[in-house]
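For reference, run21.txt (compact mmCIF, N, CA and C atoms):
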# COMPACT_ATOMS: atom_id res chain seq x y z
N MET A 1 -7.15 1.57 -30.48
CA MET A 1 -7.67 2.07 -29.22
C MET A 1 -6.55 2.83 -28.51
N SER A 2 -6.85 3.97 -27.97
CA SER A 2 -5.84 4.75 -27.27
C SER A 2 -5.62 4.18 -25.89
N LEU A 3 -4.45 4.46 -25.32
CA LEU A 3 -4.17 4.00 -23.97
C LEU A 3 -5.06 4.70 -22.96
N ALA A 4 -5.41 5.95 -23.21
CA ALA A 4 -6.30 6.65 -22.30
C ALA A 4 -7.65 5.95 -22.22
N ALA A 5 -8.16 5.53 -23.37
CA ALA A 5 -9.44 4.82 -23.39
C ALA A 5 -9.32 3.47 -22.70
N SER A 6 -8.14 2.87 -22.74
CA SER A 6 -7.97 1.53 -22.16
C SER A 6 -8.08 1.55 -20.65
N LEU A 7 -7.87 2.70 -20.02
CA LEU A 7 -7.92 2.76 -18.57
C LEU A 7 -9.29 2.40 -18.04
N ALA A 8 -10.32 2.60 -18.84
CA ALA A 8 -11.68 2.30 -18.41
C ALA A 8 -12.08 0.86 -18.71
N LEU A 9 -11.23 0.11 -19.38
CA LEU A 9 -11.59 -1.26 -19.75
C LEU A 9 -11.59 -2.18 -18.55
N VAL A 10 -12.47 -3.15 -18.59
CA VAL A 10 -12.46 -4.24 -17.62
C VAL A 10 -11.78 -5.41 -18.29
N PRO A 11 -10.87 -6.11 -17.60
CA PRO A 11 -10.19 -7.23 -18.24
C PRO A 11 -11.17 -8.30 -18.72
N ALA A 12 -10.73 -9.06 -19.70
CA ALA A 12 -11.57 -10.11 -20.29
C ALA A 12 -11.85 -11.21 -19.28
N ALA A 13 -12.81 -12.06 -19.59
CA ALA A 13 -13.23 -13.13 -18.69
C ALA A 13 -12.09 -14.09 -18.37
N ALA A 14 -12.25 -14.77 -17.24
CA ALA A 14 -11.18 -15.62 -16.71
C ALA A 14 -10.99 -16.89 -17.50
N GLN A 15 -9.76 -17.37 -17.47
CA GLN A 15 -9.40 -18.67 -18.00
C GLN A 15 -8.14 -19.12 -17.27
N ALA A 16 -7.71 -20.34 -17.48
CA ALA A 16 -6.59 -20.85 -16.71
C ALA A 16 -5.26 -20.61 -17.39
N GLY A 17 -4.24 -20.33 -16.59
CA GLY A 17 -2.87 -20.31 -17.07
C GLY A 17 -2.37 -18.99 -17.57
N TYR A 18 -1.77 -19.02 -18.77
CA TYR A 18 -1.08 -17.86 -19.33
C TYR A 18 -1.91 -17.20 -20.42
N ALA A 19 -1.89 -15.87 -20.45
CA ALA A 19 -2.56 -15.14 -21.53
C ALA A 19 -1.79 -13.86 -21.84
N PRO A 20 -1.41 -13.67 -23.09
CA PRO A 20 -0.83 -12.39 -23.47
C PRO A 20 -1.90 -11.31 -23.52
N GLY A 21 -1.52 -10.09 -23.20
CA GLY A 21 -2.46 -8.98 -23.25
C GLY A 21 -2.47 -8.31 -24.62
N ASP A 22 -3.34 -7.35 -24.77
CA ASP A 22 -3.40 -6.55 -25.99
C ASP A 22 -2.29 -5.51 -25.97
N ARG A 23 -1.77 -5.19 -27.14
CA ARG A 23 -0.70 -4.21 -27.23
C ARG A 23 -1.26 -2.80 -27.27
N GLY A 24 -0.65 -1.93 -26.47
CA GLY A 24 -0.91 -0.50 -26.56
C GLY A 24 0.18 0.12 -27.41
N VAL A 25 -0.14 1.13 -28.20
CA VAL A 25 0.83 1.77 -29.09
C VAL A 25 0.79 3.27 -28.84
N TYR A 26 1.96 3.89 -28.80
CA TYR A 26 2.05 5.33 -28.57
C TYR A 26 3.30 5.87 -29.25
N THR A 27 3.32 7.17 -29.49
CA THR A 27 4.44 7.80 -30.18
C THR A 27 5.03 8.90 -29.30
N VAL A 28 6.34 8.87 -29.14
CA VAL A 28 7.07 9.87 -28.36
C VAL A 28 8.23 10.37 -29.20
N SER A 29 8.29 11.67 -29.41
CA SER A 29 9.38 12.30 -30.17
C SER A 29 9.61 11.63 -31.52
N GLY A 30 8.52 11.29 -32.20
CA GLY A 30 8.60 10.71 -33.54
C GLY A 30 8.89 9.23 -33.58
N ILE A 31 9.02 8.58 -32.43
CA ILE A 31 9.29 7.14 -32.37
C ILE A 31 8.03 6.44 -31.84
N THR A 32 7.58 5.41 -32.54
CA THR A 32 6.42 4.64 -32.09
C THR A 32 6.89 3.48 -31.22
N TYR A 33 6.26 3.34 -30.06
CA TYR A 33 6.55 2.28 -29.10
C TYR A 33 5.29 1.45 -28.86
N TRP A 34 5.46 0.30 -28.24
CA TRP A 34 4.32 -0.51 -27.81
C TRP A 34 4.56 -1.01 -26.39
N ASN A 35 3.47 -1.31 -25.69
CA ASN A 35 3.58 -1.98 -24.40
C ASN A 35 2.50 -3.04 -24.30
N GLN A 36 2.67 -3.96 -23.36
CA GLN A 36 1.77 -5.12 -23.27
C GLN A 36 1.86 -5.68 -21.86
N ALA A 37 0.72 -6.08 -21.30
CA ALA A 37 0.67 -6.71 -19.98
C ALA A 37 0.25 -8.17 -20.14
N ASN A 38 1.11 -9.08 -19.72
CA ASN A 38 0.84 -10.52 -19.83
C ASN A 38 0.59 -11.11 -18.45
N THR A 39 -0.35 -12.04 -18.38
CA THR A 39 -0.74 -12.64 -17.11
C THR A 39 -0.41 -14.13 -17.12
N ASN A 40 0.13 -14.62 -16.01
CA ASN A 40 0.36 -16.06 -15.88
C ASN A 40 0.04 -16.46 -14.44
N VAL A 41 -0.83 -17.46 -14.28
CA VAL A 41 -1.21 -17.94 -12.95
C VAL A 41 -0.99 -19.45 -12.91
N VAL A 42 -0.24 -19.90 -11.91
CA VAL A 42 -0.02 -21.32 -11.68
C VAL A 42 -0.59 -21.67 -10.31
N THR A 43 -0.31 -22.85 -9.83
CA THR A 43 -0.96 -23.36 -8.62
C THR A 43 -0.89 -22.42 -7.43
N SER A 44 0.23 -21.76 -7.21
CA SER A 44 0.37 -20.93 -6.01
C SER A 44 0.95 -19.55 -6.27
N ALA A 45 1.06 -19.13 -7.54
CA ALA A 45 1.67 -17.84 -7.83
C ALA A 45 1.05 -17.22 -9.07
N ALA A 46 1.01 -15.90 -9.06
CA ALA A 46 0.54 -15.13 -10.21
C ALA A 46 1.64 -14.17 -10.63
N THR A 47 1.79 -14.01 -11.93
CA THR A 47 2.80 -13.12 -12.48
C THR A 47 2.14 -12.10 -13.39
N GLY A 48 2.52 -10.86 -13.21
CA GLY A 48 2.10 -9.79 -14.12
C GLY A 48 3.33 -9.22 -14.79
N GLU A 49 3.46 -9.45 -16.08
CA GLU A 49 4.64 -9.01 -16.81
C GLU A 49 4.28 -7.84 -17.73
N THR A 50 5.09 -6.80 -17.70
CA THR A 50 4.95 -5.71 -18.65
C THR A 50 6.11 -5.78 -19.64
N ARG A 51 5.78 -5.71 -20.93
CA ARG A 51 6.78 -5.66 -21.99
C ARG A 51 6.66 -4.34 -22.73
N SER A 52 7.79 -3.85 -23.25
CA SER A 52 7.76 -2.66 -24.07
C SER A 52 8.94 -2.68 -25.04
N GLY A 53 8.71 -2.12 -26.22
CA GLY A 53 9.77 -2.05 -27.22
C GLY A 53 9.43 -1.01 -28.27
N PRO A 54 10.38 -0.68 -29.14
CA PRO A 54 10.13 0.28 -30.21
C PRO A 54 9.54 -0.41 -31.44
N ASP A 55 8.73 0.33 -32.18
CA ASP A 55 8.14 -0.20 -33.41
C ASP A 55 8.77 0.37 -34.68
N THR A 56 9.39 1.54 -34.58
CA THR A 56 9.82 2.22 -35.80
C THR A 56 11.30 2.56 -35.89
N HIS A 57 12.00 2.64 -34.76
CA HIS A 57 13.41 3.03 -34.75
C HIS A 57 14.14 2.22 -33.67
N CYS A 58 15.44 2.12 -33.80
CA CYS A 58 16.25 1.60 -32.70
C CYS A 58 16.37 2.70 -31.65
N VAL A 59 16.37 2.29 -30.38
CA VAL A 59 16.48 3.26 -29.29
C VAL A 59 17.62 2.85 -28.36
N SER A 60 18.25 3.82 -27.76
CA SER A 60 19.45 3.58 -26.95
C SER A 60 19.09 3.02 -25.57
N PRO A 61 20.09 2.43 -24.87
CA PRO A 61 19.84 1.95 -23.51
C PRO A 61 19.26 3.06 -22.64
N GLY A 62 18.31 2.70 -21.80
CA GLY A 62 17.69 3.66 -20.91
C GLY A 62 16.54 4.44 -21.51
N SER A 63 16.27 4.24 -22.81
CA SER A 63 15.19 4.98 -23.46
C SER A 63 13.80 4.51 -23.03
N ILE A 64 13.71 3.28 -22.53
CA ILE A 64 12.44 2.69 -22.11
C ILE A 64 12.58 2.24 -20.66
N ALA A 65 11.54 2.48 -19.88
CA ALA A 65 11.46 1.94 -18.53
C ALA A 65 10.14 1.20 -18.40
N ILE A 66 10.12 0.15 -17.57
CA ILE A 66 8.92 -0.67 -17.43
C ILE A 66 8.73 -1.10 -15.99
N ARG A 67 7.46 -1.31 -15.61
CA ARG A 67 7.13 -1.83 -14.28
C ARG A 67 5.95 -2.78 -14.43
N GLY A 68 6.10 -3.99 -13.91
CA GLY A 68 5.02 -4.96 -13.93
C GLY A 68 4.17 -4.87 -12.68
N LYS A 69 2.89 -5.21 -12.83
CA LYS A 69 1.97 -5.25 -11.69
C LYS A 69 1.05 -6.45 -11.84
N VAL A 70 0.61 -6.98 -10.69
CA VAL A 70 -0.37 -8.06 -10.71
C VAL A 70 -1.48 -7.70 -9.74
N PHE A 71 -2.73 -7.88 -10.20
CA PHE A 71 -3.92 -7.53 -9.44
C PHE A 71 -4.74 -8.78 -9.17
N GLU A 72 -5.32 -8.88 -7.98
CA GLU A 72 -6.29 -9.93 -7.70
C GLU A 72 -7.69 -9.34 -7.89
N SER A 73 -8.59 -10.14 -8.44
CA SER A 73 -9.91 -9.61 -8.77
C SER A 73 -10.97 -10.71 -8.68
N SER A 74 -12.18 -10.34 -9.04
CA SER A 74 -13.22 -11.34 -9.25
C SER A 74 -12.98 -12.00 -10.61
N SER A 75 -13.81 -12.94 -10.98
CA SER A 75 -13.65 -13.62 -12.26
C SER A 75 -13.85 -12.69 -13.45
N THR A 76 -14.51 -11.55 -13.23
CA THR A 76 -14.76 -10.61 -14.32
C THR A 76 -13.81 -9.42 -14.30
N GLY A 77 -12.88 -9.39 -13.35
CA GLY A 77 -11.93 -8.30 -13.28
C GLY A 77 -12.36 -7.14 -12.41
N THR A 78 -13.52 -7.26 -11.75
CA THR A 78 -13.98 -6.19 -10.88
C THR A 78 -13.42 -6.37 -9.47
N ALA A 79 -13.59 -5.35 -8.64
CA ALA A 79 -13.11 -5.37 -7.25
C ALA A 79 -11.63 -5.71 -7.19
N ALA A 80 -10.86 -5.13 -8.09
CA ALA A 80 -9.43 -5.47 -8.19
C ALA A 80 -8.63 -4.85 -7.05
N ALA A 81 -7.60 -5.57 -6.61
CA ALA A 81 -6.68 -5.08 -5.60
C ALA A 81 -5.25 -5.36 -6.06
N LEU A 82 -4.41 -4.35 -5.98
CA LEU A 82 -3.00 -4.53 -6.34
C LEU A 82 -2.35 -5.46 -5.34
N ARG A 83 -1.75 -6.56 -5.83
CA ARG A 83 -1.09 -7.52 -4.95
C ARG A 83 0.43 -7.43 -5.02
N ALA A 84 0.98 -6.97 -6.12
CA ALA A 84 2.44 -6.85 -6.21
C ALA A 84 2.79 -5.94 -7.37
N GLU A 85 3.91 -5.24 -7.24
CA GLU A 85 4.45 -4.48 -8.35
C GLU A 85 5.97 -4.56 -8.31
N SER A 86 6.57 -4.55 -9.46
CA SER A 86 8.03 -4.64 -9.55
C SER A 86 8.64 -3.26 -9.37
N VAL A 87 9.94 -3.22 -9.33
CA VAL A 87 10.64 -1.95 -9.40
C VAL A 87 10.48 -1.40 -10.82
N VAL A 88 10.80 -0.13 -11.00
CA VAL A 88 10.87 0.44 -12.35
C VAL A 88 12.22 0.04 -12.92
N TRP A 89 12.19 -0.66 -14.04
CA TRP A 89 13.42 -1.20 -14.64
C TRP A 89 13.70 -0.49 -15.95
N TYR A 90 14.92 0.03 -16.08
CA TYR A 90 15.33 0.75 -17.28
C TYR A 90 16.10 -0.19 -18.20
N THR A 91 15.77 -0.16 -19.48
CA THR A 91 16.43 -1.05 -20.42
C THR A 91 17.94 -0.80 -20.40
N ASN A 92 18.70 -1.86 -20.56
CA ASN A 92 20.16 -1.73 -20.46
C ASN A 92 20.86 -2.06 -21.78
N ALA A 93 20.11 -2.11 -22.86
CA ALA A 93 20.69 -2.42 -24.17
C ALA A 93 19.93 -1.66 -25.25
N THR A 94 20.56 -1.49 -26.39
CA THR A 94 19.88 -0.90 -27.55
C THR A 94 18.77 -1.85 -27.99
N LEU A 95 17.58 -1.31 -28.24
CA LEU A 95 16.46 -2.11 -28.73
C LEU A 95 16.04 -1.60 -30.09
N CYS A 96 15.79 -2.52 -31.01
CA CYS A 96 15.34 -2.19 -32.36
C CYS A 96 13.96 -2.79 -32.58
N PRO A 97 13.25 -2.36 -33.61
CA PRO A 97 11.93 -2.93 -33.88
C PRO A 97 11.96 -4.46 -33.89
N GLY A 98 11.01 -5.06 -33.22
CA GLY A 98 10.98 -6.52 -33.07
C GLY A 98 11.62 -6.99 -31.79
N GLU A 99 12.33 -6.11 -31.09
CA GLU A 99 12.96 -6.45 -29.81
C GLU A 99 12.22 -5.74 -28.68
N TYR A 100 12.32 -6.28 -27.48
CA TYR A 100 11.64 -5.68 -26.33
C TYR A 100 12.34 -6.11 -25.06
N ASN A 101 12.00 -5.47 -23.98
CA ASN A 101 12.36 -5.93 -22.65
C ASN A 101 11.09 -6.11 -21.84
N GLY A 102 11.13 -7.02 -20.88
CA GLY A 102 9.99 -7.24 -20.00
C GLY A 102 10.43 -7.32 -18.56
N TYR A 103 9.53 -6.97 -17.67
CA TYR A 103 9.83 -7.07 -16.24
C TYR A 103 8.55 -7.47 -15.52
N SER A 104 8.67 -8.34 -14.52
CA SER A 104 7.49 -8.97 -13.92
C SER A 104 7.37 -8.68 -12.43
N ALA A 105 6.12 -8.67 -11.98
CA ALA A 105 5.78 -8.67 -10.56
C ALA A 105 5.22 -10.04 -10.22
N TYR A 106 5.53 -10.54 -9.02
CA TYR A 106 5.10 -11.88 -8.61
C TYR A 106 4.27 -11.80 -7.33
N CYS A 107 3.20 -12.57 -7.29
CA CYS A 107 2.36 -12.68 -6.11
C CYS A 107 2.22 -14.16 -5.76
N TYR A 108 2.73 -14.54 -4.58
CA TYR A 108 2.60 -15.93 -4.11
C TYR A 108 1.39 -15.99 -3.19
N PHE A 109 0.38 -16.81 -3.55
CA PHE A 109 -0.85 -16.83 -2.77
C PHE A 109 -1.14 -18.17 -2.12
N GLY A 110 -0.27 -19.14 -2.27
CA GLY A 110 -0.37 -20.37 -1.51
C GLY A 110 -1.41 -21.37 -1.96
N GLY A 111 -2.08 -21.13 -3.06
CA GLY A 111 -3.03 -22.10 -3.58
C GLY A 111 -4.47 -21.61 -3.48
N GLY A 112 -5.37 -22.43 -3.98
CA GLY A 112 -6.78 -22.06 -4.02
C GLY A 112 -7.15 -21.50 -5.38
N PHE A 113 -8.44 -21.34 -5.59
CA PHE A 113 -8.95 -20.89 -6.89
C PHE A 113 -9.20 -19.40 -6.82
N ARG A 114 -8.22 -18.63 -7.25
CA ARG A 114 -8.30 -17.17 -7.18
C ARG A 114 -8.01 -16.59 -8.55
N TYR A 115 -8.43 -15.36 -8.75
CA TYR A 115 -8.35 -14.72 -10.06
C TYR A 115 -7.38 -13.54 -10.03
N PHE A 116 -6.57 -13.44 -11.08
CA PHE A 116 -5.57 -12.38 -11.17
C PHE A 116 -5.49 -11.85 -12.60
N TYR A 117 -5.05 -10.62 -12.73
CA TYR A 117 -4.71 -10.09 -14.04
C TYR A 117 -3.53 -9.14 -13.91
N SER A 118 -2.89 -8.88 -15.02
CA SER A 118 -1.69 -8.04 -15.04
C SER A 118 -2.03 -6.63 -15.49
N GLY A 119 -1.16 -5.75 -15.12
CA GLY A 119 -1.22 -4.36 -15.57
C GLY A 119 0.18 -3.82 -15.39
N GLY A 120 0.44 -2.66 -15.88
CA GLY A 120 1.78 -2.13 -15.68
C GLY A 120 1.94 -0.75 -16.26
N ASP A 121 3.17 -0.29 -16.21
CA ASP A 121 3.51 1.03 -16.68
C ASP A 121 4.72 0.94 -17.60
N SER A 122 4.79 1.84 -18.55
CA SER A 122 6.00 1.98 -19.34
C SER A 122 6.28 3.47 -19.55
N TRP A 123 7.54 3.77 -19.74
CA TRP A 123 7.98 5.13 -19.95
C TRP A 123 8.88 5.15 -21.18
N ALA A 124 8.80 6.23 -21.94
CA ALA A 124 9.67 6.40 -23.10
C ALA A 124 10.33 7.77 -23.01
N TRP A 125 11.62 7.81 -23.29
CA TRP A 125 12.39 9.04 -23.18
C TRP A 125 11.96 10.03 -24.25
N ASN A 126 11.70 11.24 -23.83
CA ASN A 126 11.26 12.31 -24.70
C ASN A 126 12.45 13.21 -25.03
N SER A 127 12.53 13.67 -26.26
CA SER A 127 13.66 14.52 -26.66
C SER A 127 13.71 15.82 -25.86
N GLY A 128 12.62 16.14 -25.14
CA GLY A 128 12.62 17.31 -24.27
C GLY A 128 13.36 17.10 -22.96
N GLY A 129 13.82 15.87 -22.72
CA GLY A 129 14.62 15.61 -21.53
C GLY A 129 13.88 14.99 -20.37
N TYR A 130 12.77 14.34 -20.63
CA TYR A 130 12.02 13.66 -19.57
C TYR A 130 11.35 12.41 -20.16
N TYR A 131 10.74 11.60 -19.28
CA TYR A 131 10.05 10.39 -19.72
C TYR A 131 8.54 10.65 -19.81
N ASN A 132 7.93 10.15 -20.88
CA ASN A 132 6.47 10.12 -20.98
C ASN A 132 5.98 8.78 -20.42
N TRP A 133 4.93 8.82 -19.60
CA TRP A 133 4.39 7.63 -18.94
C TRP A 133 3.15 7.12 -19.66
N TYR A 134 3.05 5.79 -19.78
CA TYR A 134 1.88 5.15 -20.38
C TYR A 134 1.49 3.92 -19.58
N ASN A 135 0.21 3.79 -19.29
CA ASN A 135 -0.32 2.60 -18.64
C ASN A 135 -0.53 1.54 -19.72
N THR A 136 -0.49 0.27 -19.33
CA THR A 136 -0.81 -0.80 -20.28
C THR A 136 -2.32 -1.00 -20.34
N ILE A 137 -2.78 -1.65 -21.38
CA ILE A 137 -4.15 -2.16 -21.41
C ILE A 137 -4.20 -3.31 -20.41
N PRO A 138 -5.21 -3.40 -19.54
CA PRO A 138 -5.24 -4.48 -18.56
C PRO A 138 -5.16 -5.85 -19.20
N GLY A 139 -4.40 -6.76 -18.58
CA GLY A 139 -4.29 -8.12 -19.08
C GLY A 139 -5.56 -8.92 -18.83
N LYS A 140 -5.62 -10.09 -19.39
CA LYS A 140 -6.79 -10.96 -19.24
C LYS A 140 -6.78 -11.65 -17.88
N VAL A 141 -7.97 -11.79 -17.28
CA VAL A 141 -8.09 -12.44 -15.98
C VAL A 141 -7.78 -13.93 -16.13
N GLN A 142 -6.93 -14.42 -15.23
CA GLN A 142 -6.52 -15.84 -15.26
C GLN A 142 -6.72 -16.46 -13.90
N ASN A 143 -6.81 -17.78 -13.87
CA ASN A 143 -6.86 -18.54 -12.62
C ASN A 143 -5.95 -19.75 -12.74
N PRO A 144 -5.67 -20.45 -11.64
CA PRO A 144 -4.76 -21.60 -11.69
C PRO A 144 -5.27 -22.71 -12.60
As structure tokens, how would this structure be written, given the file I've shared?
Amino acid sequence: MSLAASLALVPAAAQAGYAPGDRGVYTVSGITYWNQANTNVVTSAATGETRSGPDTHCVSPGSIAIRGKVFESSSTGTAAALRAESVVWYTNATLCPGEYNGYSAYCYFGGGFRYFYSGGDSWAWNSGGYYNWYNTIPGKVQNP
């Protein structure tokens, strides 16, 4: 599934706790990368983590940037509202296939039965001298 098609997806049905998201895959300047949005909800906080790494080559520090986001929604992922987003974080080490970096956004909601899912952004350095941007596939809806 392409990342463009994923923008129209509604997150999967709710469940409690932690859920890894589906991986998005894209190619920039001949290098294949992946990204993923993971959701974790505990008693009073929700976390939206974005991970990204290379699939085919080692890449130098700064080649990947990531931003985590966490959204509050209904149990089915509709009526979503952005509750928190992290800074854009640039990788600070060489990453090779099988390695990744992740960065998270945190939302403290003080308790109660509420629904959240993760989303995020990743960027990969293009040999043309700029970053290509990719959205993650929305994470699965979680509750405490």
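Secondary structure from DSSP on the backbone puts strand (DSSP E or B) at the following positions of range 48-94 of chain A: Gly48, Glu49, Thr50, Arg51, Ser52, Gly53, Pro54, Val59, Ile64, Ala65, Ile66, Arg67, Gly68, Lys69, Val70, Phe71, Glu72, Ser73, Ala81, Leu82, Arg83, Ala84, Glu85, Trp89 and Tyr90 of chain A.
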Practice task
For atom N of Ala93 in chain A and CA of Ala45 in chain A, quote the distance in Å rounded to one decimal.
Solution key: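 Separating atom N of Ala93 in chain A from CA of Ala45 in chain A is a distance of 28.5 Å.
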Exercise for the section: Check the smallest atom-to-atom distance from each of A:Ile137, A:Ala105, A:Leu95, A:Ala46 to Val25 in chain A using all atoms listed in the file, then report the winner. Expected result: A:Ile137
Fill in the blank from the handout: Across A:Tyr33, A:Phe113, A:Trp123, A:Tyr134, the smallest distance to Tyr100 in chain A, with only C-alpha atoms counted, is shown by A:Tyr33
Exercise for the section: For Val70 in chain A, list every protein, DNA or RNA residue within 10 Å, evaluated using only C-alpha atoms, and leave out those in the same chain fewer than 5 positions away; present the list as a count of residues only. Expected result: 27
Problem - Between CA of Ala19 in chain A and atom N of Thr32 in chain A - distance in Å to one decimal - result: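 Atom N of Thr32 in chain A sits 25.4 Å away from CA of Ala19 in chain A.
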Practice task
Counting only C-alpha atoms, find the residues whose atoms lie at most 7 Å from (-8.1, -17.6, -10.5) (file coordinates) and write them out as number ranges by chain.
Solution key: A: 113-116, 142-144
Problem - Residue among A:Ser63, A:Asn126, A:Ser73, A:Ser44 lying closest to Val28 in chain A, counting only N, CA and C atoms - result: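 Once distances to Val28 in chain A are computed over only N, CA and C atoms, the minimum belongs to A:Asn126.
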Exercise for the section: Using all atoms listed in the file, find the one residue out of A:Pro97, A:Gly17, A:Gly102, A:Gly77 that sits nearest to Val42 in chain A. Expected result: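 Checking each of A:Pro97, A:Gly17, A:Gly102, A:Gly77 against Val42 in chain A, counting all atoms listed in the file, the winner is A:Gly17.
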Practice task
Can you work out the spacing between CA of Val41 in chain A and CA of Ile64 in chain A in Å, to one decimal?
Solution key: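 Those two atoms sit 26.4 Å apart.
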Listed atoms of range 23-27 of chain A boxed along x, y and z, 4 Å each side, centre and edge lengths in Å, one decimal, as JSON:
{"center_x": 1.6, "center_y": 1.9, "center_z": -28.3, "size_x": 14.8, "size_y": 22.1, "size_z": 11.7}
Exercise for the section: Tell me which of A:Val87, A:Phe109, A:Ser52, A:Gly62 sits closest to Trp125 in chain A, counting only N, CA and C atoms. Expected result: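 Counting only N, CA and C atoms, the residue closest to Trp125 in chain A is A:Gly62.
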Exercise for the section: Fewer than 2 positions away in the same chain doesn't count, so skip those; otherwise give me all residues within 6 Å of Arg51 in chain A, counting only C-alpha atoms, as a list in words. Expected result: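 My reading of the contact set: Asn35, Gln36, Asn101 and Gly102 of chain A.
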